[in-house]
Amino acid sequence: MNMGQRIQGLRKEKGISQEELANVLHISRQAISKWESQQSLPDLDNIIALSVYFDVTTDYILKGTEPQPHTKNQIVISKTLYMVSAALLLAGLLFTILDWYEHKSMLSIWIGIAIQLCGGICYGIGNILSHTKAHLLIQWCDTTCALFVPLAYLVHLGFRLLFSSYASLLYDLVFFPLYALLAVGLYYFFKKKHTKKAYIK
């Protein structure tokens, strides 16, 4: 089996057309057709993009070499750790918000940060175990959740510099729209990054 046949096989296995694959890689459908018919070969950037998009190694695309079983297990563990990291970061954020509004205690913030730190460790271990990138939504969720407390603290400092005292309602009216804008901006940032590098799953 040559490279073109491997690319065609991966594409058909994923159930997408040449045009859909071309859209992911930002190239023409004719380029995909030429690859599959061995009239031309993809360059290095496109080989890397194909390997990430189809979740295979570059060795498989180039030489047909299948990953070793332990590598496949590492990828599964890595993806599981990515999901656990998102769950922990979200849980830490929800705990911080709910407990803070009920008790107004710094302890709730530190516990929430500790939970999120565990999520960050899971993400780091997952990233070390394999070169498989986390899904767009997981990267977005992790980053958005992790930035909540630092942004809240920065806005609080800003209010303390501007006002000797202020109502919590005024703080909420400034912070939450700002946080929502940050979340939307981060989503489009990661979406653009993933689309460009074919990290779409």
# chains A, B, ... in the order shown; residues from 1 in each chain; ligands from 1
>>> residues_around(residues="Ile115 in chain A", least_positions_apart="5", cutoff="7 Å", atoms="only C-alpha atoms", output="PyMOL selection string")
chain A and resi 88-89+92
>>> select_by_dssp(residues="chain A", states="helix (DSSP H, G or I)", output="compact mmCIF listing (two decimals) with N, CA and C atoms, in the first residue's frame")
# COMPACT_ATOMS: atom_id res chain seq x y z
N MET A 3 1.51 5.64 -0.18
CA MET A 3 1.03 6.75 0.64
C MET A 3 -0.35 7.21 0.21
N GLY A 4 -0.57 7.31 -1.09
CA GLY A 4 -1.87 7.75 -1.59
C GLY A 4 -2.99 6.84 -1.15
N GLN A 5 -2.75 5.53 -1.17
CA GLN A 5 -3.76 4.58 -0.74
C GLN A 5 -4.02 4.69 0.76
N ARG A 6 -2.96 4.97 1.52
CA ARG A 6 -3.14 5.13 2.97
C ARG A 6 -3.97 6.37 3.27
N ILE A 7 -3.70 7.47 2.58
CA ILE A 7 -4.48 8.70 2.79
C ILE A 7 -5.94 8.47 2.41
N GLN A 8 -6.15 7.80 1.27
CA GLN A 8 -7.51 7.50 0.82
C GLN A 8 -8.23 6.60 1.83
N GLY A 9 -7.52 5.60 2.34
CA GLY A 9 -8.11 4.69 3.31
C GLY A 9 -8.50 5.40 4.59
N LEU A 10 -7.63 6.28 5.06
CA LEU A 10 -7.93 7.05 6.28
C LEU A 10 -9.13 7.97 6.07
N ARG A 11 -9.17 8.58 4.89
CA ARG A 11 -10.28 9.49 4.58
C ARG A 11 -11.61 8.74 4.55
N LYS A 12 -11.63 7.60 3.87
CA LYS A 12 -12.86 6.82 3.77
C LYS A 12 -13.28 6.25 5.11
N GLU A 13 -12.28 5.85 5.92
CA GLU A 13 -12.57 5.34 7.26
C GLU A 13 -13.24 6.41 8.12
N LYS A 14 -12.84 7.66 7.91
CA LYS A 14 -13.43 8.77 8.67
C LYS A 14 -14.77 9.21 8.07
N GLN A 18 -13.22 14.04 -0.44
CA GLN A 18 -11.98 14.75 -0.74
C GLN A 18 -12.15 16.25 -0.49
N GLU A 19 -13.29 16.77 -0.83
CA GLU A 19 -13.54 18.21 -0.66
C GLU A 19 -13.55 18.60 0.82
N GLU A 20 -14.15 17.75 1.66
CA GLU A 20 -14.18 18.03 3.11
C GLU A 20 -12.77 18.00 3.69
N LEU A 21 -11.97 17.04 3.28
CA LEU A 21 -10.59 16.98 3.77
C LEU A 21 -9.80 18.19 3.27
N ALA A 22 -10.05 18.58 2.03
CA ALA A 22 -9.37 19.75 1.46
C ALA A 22 -9.71 21.01 2.26
N ASN A 23 -10.98 21.13 2.68
CA ASN A 23 -11.40 22.30 3.46
C ASN A 23 -10.70 22.35 4.81
N VAL A 24 -10.51 21.17 5.43
CA VAL A 24 -9.82 21.12 6.72
C VAL A 24 -8.38 21.59 6.58
N LEU A 25 -7.73 21.16 5.48
CA LEU A 25 -6.31 21.48 5.28
C LEU A 25 -6.08 22.79 4.54
N ARG A 29 -9.37 20.54 -3.65
CA ARG A 29 -9.77 19.14 -3.75
C ARG A 29 -8.87 18.39 -4.73
N GLN A 30 -8.40 19.12 -5.76
CA GLN A 30 -7.53 18.50 -6.76
C GLN A 30 -6.22 18.02 -6.13
N ALA A 31 -5.74 18.76 -5.13
CA ALA A 31 -4.50 18.36 -4.44
C ALA A 31 -4.69 17.02 -3.73
N ILE A 32 -5.85 16.86 -3.07
CA ILE A 32 -6.15 15.60 -2.39
C ILE A 32 -6.23 14.47 -3.41
N SER A 33 -6.89 14.74 -4.52
CA SER A 33 -7.03 13.74 -5.59
C SER A 33 -5.66 13.30 -6.12
N LYS A 34 -4.75 14.26 -6.29
CA LYS A 34 -3.41 13.95 -6.79
C LYS A 34 -2.62 13.13 -5.78
N TRP A 35 -2.80 13.45 -4.48
CA TRP A 35 -2.12 12.65 -3.46
C TRP A 35 -2.57 11.20 -3.52
N GLU A 36 -3.90 11.02 -3.59
CA GLU A 36 -4.46 9.67 -3.53
C GLU A 36 -4.13 8.86 -4.77
N LEU A 44 5.67 18.43 4.07
CA LEU A 44 5.84 18.05 5.47
C LEU A 44 4.72 18.61 6.35
N ASP A 45 4.34 19.88 6.14
CA ASP A 45 3.30 20.50 6.95
C ASP A 45 1.99 19.74 6.82
N ASN A 46 1.66 19.35 5.57
CA ASN A 46 0.41 18.64 5.34
C ASN A 46 0.46 17.21 5.87
N ILE A 47 1.63 16.58 5.86
CA ILE A 47 1.77 15.24 6.43
C ILE A 47 1.50 15.30 7.94
N ILE A 48 2.06 16.33 8.59
CA ILE A 48 1.82 16.50 10.04
C ILE A 48 0.35 16.77 10.30
N ALA A 49 -0.26 17.65 9.47
CA ALA A 49 -1.67 17.97 9.64
C ALA A 49 -2.54 16.73 9.45
N LEU A 50 -2.21 15.91 8.46
CA LEU A 50 -2.96 14.67 8.21
C LEU A 50 -2.83 13.71 9.39
N SER A 51 -1.63 13.61 9.94
CA SER A 51 -1.41 12.67 11.04
C SER A 51 -2.21 13.07 12.27
N VAL A 52 -2.29 14.38 12.53
CA VAL A 52 -3.06 14.85 13.70
C VAL A 52 -4.55 14.71 13.44
N TYR A 53 -4.98 15.05 12.24
CA TYR A 53 -6.41 14.99 11.91
C TYR A 53 -6.93 13.56 11.97
N THR A 58 2.99 10.10 11.86
CA THR A 58 3.52 10.48 10.55
C THR A 58 4.21 9.29 9.89
N ASP A 59 4.76 8.39 10.71
CA ASP A 59 5.38 7.18 10.18
C ASP A 59 4.37 6.32 9.42
N TYR A 60 3.13 6.29 9.93
CA TYR A 60 2.12 5.49 9.24
C TYR A 60 1.82 6.09 7.87
N ILE A 61 1.68 7.41 7.80
CA ILE A 61 1.38 8.06 6.52
C ILE A 61 2.55 7.89 5.55
N LEU A 62 3.76 8.06 6.04
CA LEU A 62 4.94 8.00 5.17
C LEU A 62 5.31 6.57 4.78
N LYS A 63 5.30 5.67 5.77
CA LYS A 63 5.84 4.32 5.53
C LYS A 63 4.85 3.19 5.79
N PRO A 69 1.47 -1.15 20.25
CA PRO A 69 0.29 -1.21 21.13
C PRO A 69 0.38 -0.30 22.34
N HIS A 70 1.60 -0.20 22.95
CA HIS A 70 1.71 0.64 24.14
C HIS A 70 1.50 2.11 23.79
N THR A 71 1.84 2.49 22.55
CA THR A 71 1.62 3.87 22.13
C THR A 71 0.13 4.16 22.04
N LYS A 72 -0.62 3.19 21.51
CA LYS A 72 -2.08 3.37 21.42
C LYS A 72 -2.68 3.50 22.81
N ASN A 73 -2.19 2.68 23.75
CA ASN A 73 -2.68 2.78 25.13
C ASN A 73 -2.36 4.14 25.73
N GLN A 74 -1.17 4.64 25.44
CA GLN A 74 -0.79 5.96 25.96
C GLN A 74 -1.70 7.04 25.41
N ILE A 75 -2.09 6.91 24.14
CA ILE A 75 -2.99 7.90 23.54
C ILE A 75 -4.35 7.88 24.22
N VAL A 76 -4.85 6.67 24.51
CA VAL A 76 -6.15 6.54 25.19
C VAL A 76 -6.07 7.15 26.59
N ILE A 77 -5.00 6.82 27.32
CA ILE A 77 -4.81 7.38 28.66
C ILE A 77 -4.69 8.90 28.60
N SER A 78 -3.94 9.37 27.60
CA SER A 78 -3.74 10.81 27.44
C SER A 78 -5.06 11.52 27.22
N LYS A 79 -5.90 10.99 26.33
CA LYS A 79 -7.20 11.61 26.06
C LYS A 79 -8.10 11.57 27.29
N THR A 80 -8.01 10.48 28.07
CA THR A 80 -8.80 10.38 29.30
C THR A 80 -8.35 11.44 30.30
N LEU A 81 -7.04 11.61 30.41
CA LEU A 81 -6.51 12.63 31.33
C LEU A 81 -6.91 14.03 30.90
N TYR A 82 -6.97 14.28 29.60
CA TYR A 82 -7.44 15.58 29.11
C TYR A 82 -8.87 15.84 29.57
N MET A 83 -9.73 14.82 29.47
CA MET A 83 -11.13 14.98 29.88
C MET A 83 -11.24 15.17 31.39
N VAL A 84 -10.42 14.42 32.14
CA VAL A 84 -10.40 14.58 33.60
C VAL A 84 -9.94 15.99 33.97
N SER A 85 -8.96 16.50 33.25
CA SER A 85 -8.45 17.85 33.54
C SER A 85 -9.55 18.89 33.36
N ALA A 86 -10.33 18.75 32.28
CA ALA A 86 -11.43 19.70 32.04
C ALA A 86 -12.48 19.60 33.14
N ALA A 87 -12.78 18.36 33.57
CA ALA A 87 -13.78 18.16 34.63
C ALA A 87 -13.31 18.78 35.94
N LEU A 88 -12.03 18.60 36.27
CA LEU A 88 -11.50 19.15 37.53
C LEU A 88 -11.43 20.67 37.50
N LEU A 89 -11.01 21.23 36.37
CA LEU A 89 -10.93 22.70 36.27
C LEU A 89 -12.33 23.31 36.36
N LEU A 90 -13.30 22.67 35.74
CA LEU A 90 -14.68 23.16 35.82
C LEU A 90 -15.23 22.99 37.23
N ALA A 91 -14.95 21.84 37.86
CA ALA A 91 -15.41 21.60 39.23
C ALA A 91 -14.80 22.61 40.20
N GLY A 92 -13.52 22.89 40.01
CA GLY A 92 -12.86 23.89 40.86
C GLY A 92 -13.47 25.26 40.71
N LEU A 93 -13.79 25.62 39.49
CA LEU A 93 -14.41 26.93 39.22
C LEU A 93 -15.79 27.01 39.87
N LEU A 94 -16.62 25.97 39.67
CA LEU A 94 -17.97 25.97 40.23
C LEU A 94 -17.93 26.00 41.76
N PHE A 95 -17.01 25.25 42.35
CA PHE A 95 -16.87 25.26 43.81
C PHE A 95 -16.51 26.66 44.30
N THR A 96 -15.56 27.29 43.63
CA THR A 96 -15.12 28.64 44.03
C THR A 96 -16.27 29.62 43.98
N ILE A 97 -17.03 29.61 42.87
CA ILE A 97 -18.13 30.56 42.71
C ILE A 97 -19.22 30.33 43.75
N LEU A 98 -19.70 29.08 43.86
CA LEU A 98 -20.82 28.77 44.74
C LEU A 98 -20.46 28.99 46.20
N ASP A 99 -19.27 28.53 46.61
CA ASP A 99 -18.88 28.66 48.02
C ASP A 99 -18.55 30.11 48.37
N TRP A 100 -17.99 30.86 47.42
CA TRP A 100 -17.66 32.26 47.69
C TRP A 100 -18.92 33.09 47.92
N TYR A 101 -19.93 32.89 47.08
CA TYR A 101 -21.15 33.67 47.23
C TYR A 101 -21.95 33.27 48.47
N GLU A 102 -21.66 32.07 49.00
CA GLU A 102 -22.36 31.65 50.21
C GLU A 102 -21.60 32.04 51.47
N HIS A 103 -20.28 31.89 51.48
CA HIS A 103 -19.51 32.12 52.70
C HIS A 103 -18.54 33.31 52.64
N MET A 106 -11.95 33.18 51.87
CA MET A 106 -10.78 32.95 51.01
C MET A 106 -10.45 31.46 50.90
N LEU A 107 -10.89 30.70 51.92
CA LEU A 107 -10.64 29.26 51.90
C LEU A 107 -11.29 28.61 50.67
N SER A 108 -12.48 29.08 50.31
CA SER A 108 -13.17 28.52 49.15
C SER A 108 -12.38 28.76 47.87
N ILE A 109 -11.73 29.93 47.79
CA ILE A 109 -10.92 30.24 46.62
C ILE A 109 -9.71 29.32 46.56
N TRP A 110 -9.05 29.12 47.70
CA TRP A 110 -7.85 28.27 47.71
C TRP A 110 -8.19 26.81 47.43
N ILE A 111 -9.33 26.35 47.94
CA ILE A 111 -9.75 24.96 47.65
C ILE A 111 -10.05 24.82 46.16
N GLY A 112 -10.75 25.81 45.61
CA GLY A 112 -11.05 25.79 44.17
C GLY A 112 -9.78 25.78 43.33
N ILE A 113 -8.81 26.60 43.73
CA ILE A 113 -7.52 26.65 43.01
C ILE A 113 -6.80 25.30 43.12
N ALA A 114 -6.87 24.66 44.29
CA ALA A 114 -6.22 23.36 44.49
C ALA A 114 -6.84 22.31 43.56
N ILE A 115 -8.17 22.34 43.45
CA ILE A 115 -8.85 21.40 42.55
C ILE A 115 -8.43 21.66 41.10
N GLN A 116 -8.36 22.93 40.73
CA GLN A 116 -7.95 23.27 39.37
C GLN A 116 -6.49 22.90 39.12
N LEU A 117 -5.66 23.03 40.14
CA LEU A 117 -4.26 22.65 40.00
C LEU A 117 -4.13 21.15 39.69
N CYS A 118 -4.97 20.34 40.33
CA CYS A 118 -4.99 18.90 40.04
C CYS A 118 -5.37 18.68 38.58
N GLY A 119 -6.32 19.48 38.08
CA GLY A 119 -6.70 19.39 36.68
C GLY A 119 -5.56 19.75 35.75
N GLY A 120 -4.81 20.79 36.13
CA GLY A 120 -3.65 21.19 35.33
C GLY A 120 -2.58 20.11 35.30
N ILE A 121 -2.39 19.42 36.44
CA ILE A 121 -1.42 18.33 36.49
C ILE A 121 -1.85 17.18 35.58
N CYS A 122 -3.15 16.87 35.58
CA CYS A 122 -3.66 15.82 34.69
C CYS A 122 -3.42 16.17 33.23
N TYR A 123 -3.63 17.45 32.89
CA TYR A 123 -3.40 17.89 31.51
C TYR A 123 -1.93 17.74 31.15
N GLY A 124 -1.05 18.14 32.06
CA GLY A 124 0.38 18.05 31.81
C GLY A 124 0.84 16.62 31.61
N ILE A 125 0.33 15.70 32.46
CA ILE A 125 0.70 14.29 32.33
C ILE A 125 0.20 13.74 31.00
N GLY A 126 -1.04 14.11 30.63
CA GLY A 126 -1.59 13.66 29.35
C GLY A 126 -0.77 14.14 28.18
N ASN A 127 -0.28 15.35 28.28
CA ASN A 127 0.54 15.93 27.20
C ASN A 127 1.90 15.23 27.11
N ILE A 128 2.43 14.80 28.25
CA ILE A 128 3.72 14.11 28.27
C ILE A 128 3.59 12.69 27.72
N LEU A 129 2.49 12.02 28.06
CA LEU A 129 2.31 10.62 27.66
C LEU A 129 2.24 10.43 26.15
N LEU A 136 -10.19 20.83 20.86
CA LEU A 136 -10.45 22.27 20.92
C LEU A 136 -11.24 22.66 22.16
N LEU A 137 -12.35 21.96 22.42
CA LEU A 137 -13.23 22.32 23.54
C LEU A 137 -12.56 22.09 24.89
N ILE A 138 -11.71 21.08 24.97
CA ILE A 138 -11.00 20.82 26.23
C ILE A 138 -9.98 21.92 26.49
N GLN A 139 -9.22 22.31 25.48
CA GLN A 139 -8.25 23.40 25.65
C GLN A 139 -8.97 24.69 26.02
N TRP A 140 -10.09 24.95 25.36
CA TRP A 140 -10.86 26.17 25.65
C TRP A 140 -11.41 26.14 27.07
N CYS A 141 -12.02 25.01 27.45
CA CYS A 141 -12.60 24.88 28.80
C CYS A 141 -11.53 25.04 29.88
N ASP A 142 -10.40 24.35 29.70
CA ASP A 142 -9.32 24.43 30.70
C ASP A 142 -8.81 25.86 30.87
N THR A 143 -8.56 26.53 29.75
CA THR A 143 -8.01 27.88 29.81
C THR A 143 -9.03 28.87 30.40
N THR A 144 -10.27 28.77 29.95
CA THR A 144 -11.31 29.68 30.43
C THR A 144 -11.55 29.52 31.92
N CYS A 145 -11.61 28.28 32.38
CA CYS A 145 -11.82 28.04 33.81
C CYS A 145 -10.63 28.51 34.64
N ALA A 146 -9.42 28.26 34.13
CA ALA A 146 -8.21 28.63 34.88
C ALA A 146 -8.05 30.13 35.01
N PHE A 148 -10.48 32.38 35.39
CA PHE A 148 -11.57 33.04 36.11
C PHE A 148 -11.07 33.77 37.36
N VAL A 149 -10.36 33.06 38.23
CA VAL A 149 -9.91 33.66 39.50
C VAL A 149 -8.89 34.78 39.27
N PRO A 150 -7.85 34.57 38.41
CA PRO A 150 -6.92 35.68 38.17
C PRO A 150 -7.61 36.93 37.62
N LEU A 151 -8.56 36.74 36.69
CA LEU A 151 -9.26 37.90 36.12
C LEU A 151 -10.12 38.57 37.19
N ALA A 152 -10.79 37.77 38.01
CA ALA A 152 -11.61 38.33 39.08
C ALA A 152 -10.76 39.16 40.04
N TYR A 153 -9.56 38.67 40.34
CA TYR A 153 -8.66 39.40 41.25
C TYR A 153 -8.18 40.70 40.62
N LEU A 154 -7.86 40.67 39.32
CA LEU A 154 -7.39 41.88 38.64
C LEU A 154 -8.49 42.94 38.58
N VAL A 155 -9.71 42.51 38.31
CA VAL A 155 -10.83 43.47 38.28
C VAL A 155 -11.06 44.04 39.68
N HIS A 156 -10.95 43.19 40.69
CA HIS A 156 -11.09 43.65 42.08
C HIS A 156 -10.03 44.70 42.41
N LEU A 157 -8.77 44.45 42.00
CA LEU A 157 -7.71 45.43 42.24
C LEU A 157 -8.00 46.74 41.52
N GLY A 158 -8.50 46.64 40.31
CA GLY A 158 -8.85 47.84 39.55
C GLY A 158 -9.91 48.66 40.25
N PHE A 159 -10.93 47.99 40.79
CA PHE A 159 -11.99 48.69 41.53
C PHE A 159 -11.45 49.32 42.80
N ARG A 160 -10.53 48.62 43.48
CA ARG A 160 -9.96 49.17 44.71
C ARG A 160 -9.14 50.42 44.44
N LEU A 161 -8.49 50.47 43.27
CA LEU A 161 -7.72 51.66 42.90
C LEU A 161 -8.62 52.83 42.52
N LEU A 162 -9.77 52.52 41.91
CA LEU A 162 -10.66 53.57 41.42
C LEU A 162 -11.66 54.05 42.47
N SER A 168 -21.26 45.25 45.21
CA SER A 168 -20.92 44.00 44.53
C SER A 168 -21.66 43.88 43.20
N LEU A 169 -22.84 44.52 43.10
CA LEU A 169 -23.60 44.49 41.85
C LEU A 169 -22.82 45.19 40.74
N LEU A 170 -22.19 46.32 41.07
CA LEU A 170 -21.38 47.04 40.08
C LEU A 170 -20.21 46.19 39.63
N TYR A 171 -19.59 45.50 40.57
CA TYR A 171 -18.47 44.60 40.24
C TYR A 171 -18.95 43.51 39.28
N ASP A 172 -20.09 42.89 39.59
CA ASP A 172 -20.63 41.81 38.75
C ASP A 172 -20.96 42.31 37.35
N LEU A 173 -21.48 43.54 37.26
CA LEU A 173 -21.86 44.10 35.96
C LEU A 173 -20.64 44.37 35.07
N VAL A 174 -19.48 44.55 35.69
CA VAL A 174 -18.25 44.76 34.93
C VAL A 174 -17.54 43.43 34.67
N PHE A 175 -17.42 42.61 35.73
CA PHE A 175 -16.60 41.40 35.61
C PHE A 175 -17.20 40.37 34.67
N PHE A 176 -18.47 40.02 34.84
CA PHE A 176 -19.04 38.91 34.08
C PHE A 176 -19.11 39.17 32.57
N PRO A 177 -19.50 40.39 32.13
CA PRO A 177 -19.40 40.65 30.68
C PRO A 177 -17.96 40.58 30.17
N LEU A 178 -17.01 41.06 31.00
CA LEU A 178 -15.60 41.00 30.61
C LEU A 178 -15.13 39.55 30.50
N TYR A 179 -15.56 38.73 31.45
CA TYR A 179 -15.20 37.31 31.42
C TYR A 179 -15.83 36.60 30.23
N ALA A 180 -17.07 36.96 29.91
CA ALA A 180 -17.76 36.37 28.75
C ALA A 180 -17.04 36.73 27.46
N LEU A 181 -16.59 37.99 27.36
CA LEU A 181 -15.83 38.41 26.17
C LEU A 181 -14.52 37.64 26.06
N LEU A 182 -13.86 37.45 27.20
CA LEU A 182 -12.62 36.68 27.21
C LEU A 182 -12.87 35.24 26.76
N ALA A 183 -13.95 34.64 27.25
CA ALA A 183 -14.29 33.25 26.89
C ALA A 183 -14.55 33.13 25.39
N VAL A 184 -15.31 34.08 24.84
CA VAL A 184 -15.61 34.05 23.40
C VAL A 184 -14.33 34.25 22.59
N GLY A 185 -13.50 35.20 23.03
CA GLY A 185 -12.24 35.45 22.34
C GLY A 185 -11.33 34.23 22.34
N LEU A 186 -11.26 33.54 23.49
CA LEU A 186 -10.44 32.33 23.60
C LEU A 186 -10.97 31.22 22.70
N TYR A 187 -12.30 31.11 22.62
CA TYR A 187 -12.88 30.07 21.75
C TYR A 187 -12.46 30.27 20.30
N TYR A 188 -12.58 31.50 19.82
CA TYR A 188 -12.22 31.76 18.42
C TYR A 188 -10.71 31.64 18.21
N PHE A 189 -9.93 31.95 19.24
CA PHE A 189 -8.48 31.79 19.15
C PHE A 189 -8.12 30.32 18.97
N PHE A 190 -8.69 29.45 19.83
CA PHE A 190 -8.38 28.02 19.73
C PHE A 190 -8.98 27.40 18.47
N LYS A 191 -10.15 27.90 18.07
CA LYS A 191 -10.76 27.37 16.84
C LYS A 191 -9.88 27.67 15.63
N LYS A 192 -9.37 28.90 15.58
CA LYS A 192 -8.49 29.28 14.47
C LYS A 192 -7.21 28.46 14.51
N LYS A 193 -6.67 28.27 15.70
CA LYS A 193 -5.42 27.50 15.86
C LYS A 193 -5.62 26.04 15.46
N HIS A 194 -6.74 25.46 15.87
CA HIS A 194 -7.00 24.06 15.56
C HIS A 194 -7.31 23.86 14.08
N THR A 195 -8.04 24.80 13.50
CA THR A 195 -8.37 24.68 12.07
C THR A 195 -7.11 24.80 11.23
N LYS A 196 -6.26 25.73 11.61
CA LYS A 196 -5.02 25.95 10.85
C LYS A 196 -4.11 24.74 10.87
>>> atom_distance(atom1="CA of Thr132 in chain A", atom2="CA of Val56 in chain A")
9.2 Å
>>> atom_distance(atom1="CA of Lys104 in chain A", atom2="CA of Phe163 in chain A")
20.3 Å
>>> closest_residue(among="A:Asn2, A:Thr65, A:Ser17, A:Thr57", to="Gln38 in chain A", atoms="only C-alpha atoms")
A:Asn2
